[in-house]
Each structure stands twice: as C-alpha cells, then as structure tokens.
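Report on the structure given below.
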Number of protein chains: 2
Amino acid sequence: MANNTIVENIILGCLAKQPMSGYEIKQVITNSTGLFYNASYGSIYPTLKKHEESGWVTSKEVVEKGRYKKIYEITEEGHREFMEWMHQSSKPITIKYEMLVHLFYFQNLTPNERIDQVGKHIEELKAFQDQLRTIERFAQELGDPYQQLTLQWGEDFYTFLIDWYEKLLTRLKSEGEEA
Amino acid sequence: MANNTIVENIILGCLAKQPMSGYEIKQVITNSTGLFYNASYGSIYPTLKKHEESGWVTSKEVVEKGRYKKIYEITEEGHREFMEWMHQSSKPITIKYEMLVHLFYFQNLTPNERIDQVGKHIEELKAFQDQLRTIERFAQELGDPYQQLTLQWGEDFYTFLIDWYEKLLTRLKSEGEEA
DNA sequence: AATGATATATATCAAGATGATATATGGAGA
DNA sequence: TCTCCATATATCATCTTGATATATATCATT
C-alpha cells in the first residue's frame with residue numbers, strides 16, 4: 001500500500017534476485033546495502049512473516065544437509081510492490097556519527113587528547129575501508145554495474161572521510177607547535 | 001555509569017553551555033549536531049526526566065512572558081558523566097540512505113527513469129546544502145572553532161555527494177546517447 | 001573419538017528512537 | 001476577531017537494534 005518501510009523493500013529486492021532464507025537475506029544485506037542501509041534479524045524475521053500474510057512472498061520448509069531451512073520466494077504482487085517503491089522519491093539521509101559529536105565538543109579536551117582521538121579515528125576508518133574492499137571483490141562477480149557502483153560509493157565516502165580527518169590532524173599538530 | 005546513550009550525552013553537552021528547556025534543547029540539537037546526530041522530543045523529554053533522577057540535572061519551573069517553562073541545569077555529577085563520555089572511543093558510523101538502495105536496484109528502471117531520479121536527487125542535495133549554509137552563518141556567532149568545524153563537515157559532505165552524483169549523471173546521459 | 005570453536009538457522013525481547021499526535025498559550029498579521 | 005505560526009510539554013504506536021536463547025552441522029586440534 002505504498003507506505004511500507006525501506007527494510008520491507010530491501011527484503012523484496014533480495015528475493016527478486018532469487019529465493020532464499022531469512023538468514024541468507026541478512027548476509028546479503030550486510031554485504032551489499034549494509035553500509036548505507038542495514039537490517040537486523042529482529043526486523044527481518046517479523047517482516048518475512050508480515051510479507052507472507054500480505055501475499056508478497058511464499059515460503060516452503062526444506063531440509064538441506066540435514067538442517068532445517070525456510071526458503072522464501074517473491075510473488076508477482078510482491079514484485080509489483082517493490083517496483084512501486086522503486087518509482088517513489090527517496091527519503092532524506094539519516095546519519096548517526098558519534099565521532100562528529102565528540103568533535104563538536106572538542107573544546108573540552110586538551111590539544112593532545114584531540115590529536116589522539118582524531119589519529120585513532122583515522123586508523124578505524126582505514127581498517128573499515130579495507131574491509132569494504134574485500135566485500136567489493138566478492139561483489140564484482142555478481143556483475144550488476146549499479147550494485148558495484150553503490151559499493152564504490154562506500155569506498156569513495158571513506159576516502160572523503162579519511163582525507164578530511166588527515167587535514168584536520170595536520171592542523172591540530174601545527175597548532176600544537178605554535179603554542 | 002559509562003554505558004549511557006549518545007543522546008543522553010548530547011543533552012548534557014547542551015546544558016553544559018547554559019541552562020535551557022527541553023524545547024530549546026531540541027532546537028539547538030537540530031541546528032547543530034542534527035545533521036550527524038539528531039534527537040526527537042520522544043527521546044529528549046524522557047531523557048531529561050531520567051537525568052533528573054540520576055542527579056545529573058536539576059530543574060526549575062519558570063514563567064516567561066506568561067508562558068510556563070521548565071529550565072534544566074547541569075550538575076557537577078552530570079558534567080563528570082559528560083566528560084567521561086568525551087574520553088571514550090566512539091561507535092562506528094550508521095547511515096540510512098534510501099537513494100543508495102534505489103541505486104543498488106537501478107537495473108530495474110529504464111535509462112530515462114535513472115536519469116530523472118539522479119537529477120532530482122542532486123536538486124534535493126543542493127537545496128539541503130543551502131539550508132546548511134544558513135545554519136552555518138547563524139553558528140559563526142557562537143565562536144567555538146570545533147563547532148564551526150563540524151558544520152563545515154556537513155557542507156563538505158554534501159559537496160562530496162553532489163560531485164559524486166554529477167559524475168554519475170554525466171555517465172548515465174552519455175550512455176543514453178551511445179544506445 | 002572427543003573437545004571446542006565457528007557457521008548455519010530461526011526466533012524473541014528489552015530498550016531505545018522516530019514520527020505523529022494531543023494539548024495549550026502567546027504573538028503577528030489580515 | 002480569526003487564523004496561522006511559534007513556543008512548550010508530553011505521550012504513544014510503531015519500528016529498530018543488539019543481545020540472547022536454542023539447536024544443529026562443520027572443521028581443526030588434541
């Protein structure tokens with residue numbers, strides 16, 4: 001009915017590619033849109049139940065390698081719903097970024113504490129960017145150019161962040177020398 | 001006790017500058033850290049109650065211009081709590097960005113629909129950046145260099161986004177001409 | 001062959017956050 | 001006078017997260 005949530009549509013998008021289980025959906029999301037839209041089990045499993053009630057997906061229980069599994073498949077109605085969402089305008093960006101809140105109150109720290117926190121943050125950003133590159137190599141096999149593009153966005157975003165903090169670090173250090 | 005939430009600490013940070021009401025806290029947050037950490041009334045008012053019970057803030061009811069108002073003030077304990085948080089390492093970034101989820105599934109749209117959506121998104125980003133610049137002029141009067149810096153981050157981030165989508169738009173248009 | 005660690009798989013729950021709504025007053029302008 | 005907007009507090013349904021519970025399979029080590 002057009003006012004469904006984004007996670008509801010990501011799940012439909014996953015199932016549009018191929019049928020899979022809730023567990024697999026979680027993995028796919030984490031390794032694809034996870035950087036700019038993640039979802040937890042606590043939202044995936046209840047959403048799948050709701051989707052089944054709405055008639056947007058169907059499920060069948062299978063046993064694979066002796067292990068129980070519930071495979072979900074998208075219906076035509078579910079696909080229509082997904083495509084309707086694809087044509088809607090998108091909501092504004094929401095960010096939760098604690099380091100910038102720290103930075104906002106940086107006057108409360110000593111010059112050395114500031115340099116320390118920014119230095120550590122740069123290392124964290126670099127470590128995360130390395131992880132992104134690993135995911136990217138994995139995704140290149142999928143062959144979808146737009147999916148590769150969004151992963152590239154992640155890498156570009158982290159490059160922007162690292163550059164930004166490197167410049168700040170240089171400034172903080174030179175201010176320390178002046179004093 | 002050190003595992004309090006970020007919003008709890010932003011509120012303490014607001015009150016560390018000067019005593020104010022919940023309504024004013026909401027305004028300050030929206031116009032300062034709002035871009036990278038926002039809070040709603042539904043989290044601010046209950047948090048203020050909790051803070052008072054914890055002894056981190058005190059409140060007094062005043063009447064200003066005939067209108068009832070509850071002014072909160074930070075205590076020494078509250079200030080200690082805030083400073084403890086300032087020395088902690090920060091949590092990773094969380095983003096909710098619907099447009100990139102659309103982009104992830106862009107194969108489902110026609111070339112013209114893609115160009116349309118990216119073009120509209122660039123306009124939205126530019127409009128939002130203009131708003132940021134207005135806030136920035138307002139904040140320059142505060143004089144805190146780190147608070148100005150985080151507002152600058154917002155502008156730089158939106159410049160990064162606009163550049164990124166401008167390049168994409170050029171590519172989408174040239175691909176259309178080839179076909 | 002036994003042990004322990006990790007991966008697969010589903011499900012639920014407390015705690016927190018959002019967006020909306022309800023309620024009420026003051027001030028500005030038509 | 002009426003309407004609209006800003007000020008001001010509060011609550012609530014809904015959604016989301018992060019953690020935990022439960023259970024089985026796989027793999028490496030001893």
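Residues are named by chain letter and number: chains run A, B, ... in the order of the structure tokens, numbers start at 1 in each chain, and ligands are numbered from 1 in the order shown.
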- Message: Please identify the alpha helix (DSSP H) residues within range 12-166 of chain A (assignment by DSSP from backbone atoms) and present them as a count of residues only.
- Response: 99
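For DC13 in chain C, the set of protein, DNA and RNA residues having any atom at most 12 Å away, when counting only C-alpha atoms (C1' of nucleotides) and skipping those fewer than 5 positions along the same chain, is Gly42 of chain A; DT17, DG18, DA19, DT20 and DA21 of chain D.
Closest approach to Asp144 in chain B from the set A:Leu103, A:Leu132, A:Met83, A:Ile6 is made by A:Leu103, with distances taken over only C-alpha atoms.
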- Show which residues sit within 12 Å of Asp130 in chain A, as a PyMOL selection string. Count only C-alpha atoms (C1' of nucleotides), and ignore same-chain residues fewer than 6 positions away. chain A and resi 123-124+136-137+154-155+158-159
- Task: Using backbone DSSP assignments, extract all strand (DSSP E or B) residues from range 3-175 of chain B; output them as a PyMOL selection string.
- Result: chain B and resi 20+57-64+67-74+94-96
Would you mind exporting C-alpha atoms of the selected residues as a short mmCIF file (atom, residue, chain, number, x, y, z; two decimals), in the first residue's frame?
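Wrote it out as out02.cif, contents follow:
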data_model
loop_
_atom_site.label_atom_id
_atom_site.label_comp_id
_atom_site.auth_asym_id
_atom_site.auth_seq_id
_atom_site.Cartn_x
_atom_site.Cartn_y
_atom_site.Cartn_z
CA MET B 20 17.61 25.64 28.95
CA VAL B 57 20.49 17.78 36.03
CA THR B 58 18.16 19.87 38.18
CA SER B 59 15.04 21.67 37.00
CA LYS B 60 13.05 24.71 37.97
CA GLU B 61 9.70 25.83 36.61
CA VAL B 62 9.60 29.42 35.48
CA VAL B 63 7.00 31.64 33.85
CA GLU B 64 8.31 33.70 30.96
CA ARG B 67 4.15 31.03 29.43
CA TYR B 68 5.12 28.03 31.57
CA LYS B 69 8.63 26.66 31.04
CA LYS B 70 10.86 24.07 32.71
CA ILE B 71 14.53 25.07 32.76
CA TYR B 72 17.13 22.34 33.22
CA GLU B 73 20.59 22.93 34.65
CA ILE B 74 23.55 20.52 34.66
CA THR B 94 25.43 4.32 10.93
CA ILE B 95 23.77 5.58 7.77
CA LYS B 96 20.20 5.28 6.49
#
Determine, using only C-alpha atoms (C1' of nucleotides), which residues of chain D have any atom at most 8 Å from an atom of chain A, and tabulate each with its shortest atom pair and distance in Å to one decimal place, rows ordered by chain and then rising number, as a tab-separated table.
residue	atom	partner	partner_atom	distance
D:DT16	C1'	A:Ser43	CA	6.8
D:DT17	C1'	A:Ser40	CA	6.9
D:DT24	C1'	A:Arg67	CA	6.8
D:DA25	C1'	A:Arg67	CA	7.6
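For the atom pair formed by CA of Ile44 in chain B and CA of Asn38 in chain A, the distance is 25.1 Å, given to one decimal.
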- Message: Please identify all residues of chain A having at least one atom at most 9 Å from any atom of chain B, considering only C-alpha atoms, and return them as an NGL selection string.
- Response: :A and (6 or 10 or 13 or 32-38 or 83 or 85-87 or 89-109 or 113 or 117 or 120-121 or 124-125 or 144-151 or 153 or 156-157 or 160-161 or 164)
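Ranking B:His51, B:Asn4, B:Glu77, B:Phe82 by their shortest atom-to-atom distance to chain C, with only C-alpha atoms (C1' of nucleotides) included, puts B:Asn4 first.
The gap separating CA of Asn31 in chain B from CA of Arg80 in chain B is 25.2 Å, in Å to one decimal.
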- Message: What are the residues of chain C lining chain A at 10 Å or less? Count only C-alpha atoms (C1' of nucleotides), and put the answer as a VMD selection string.
- Response: chain C and resid 8 to 13
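The coordinates place CA of Lys17 in chain A at 29.3 Å from C1' of DA23 in chain D.
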- Note on the structure: Using only C-alpha atoms, the shortest atom-to-atom distance to Leu172 in chain B among B:Asn112, B:Glu8, B:Lys50, B:Pro19 belongs to B:Asn112
- Non-local contacts of DT3 in chain D (12 Å; only C-alpha atoms (C1' of nucleotides); under 5 positions in same chain excluded) as a ChimeraX atom specification: /C:28-30
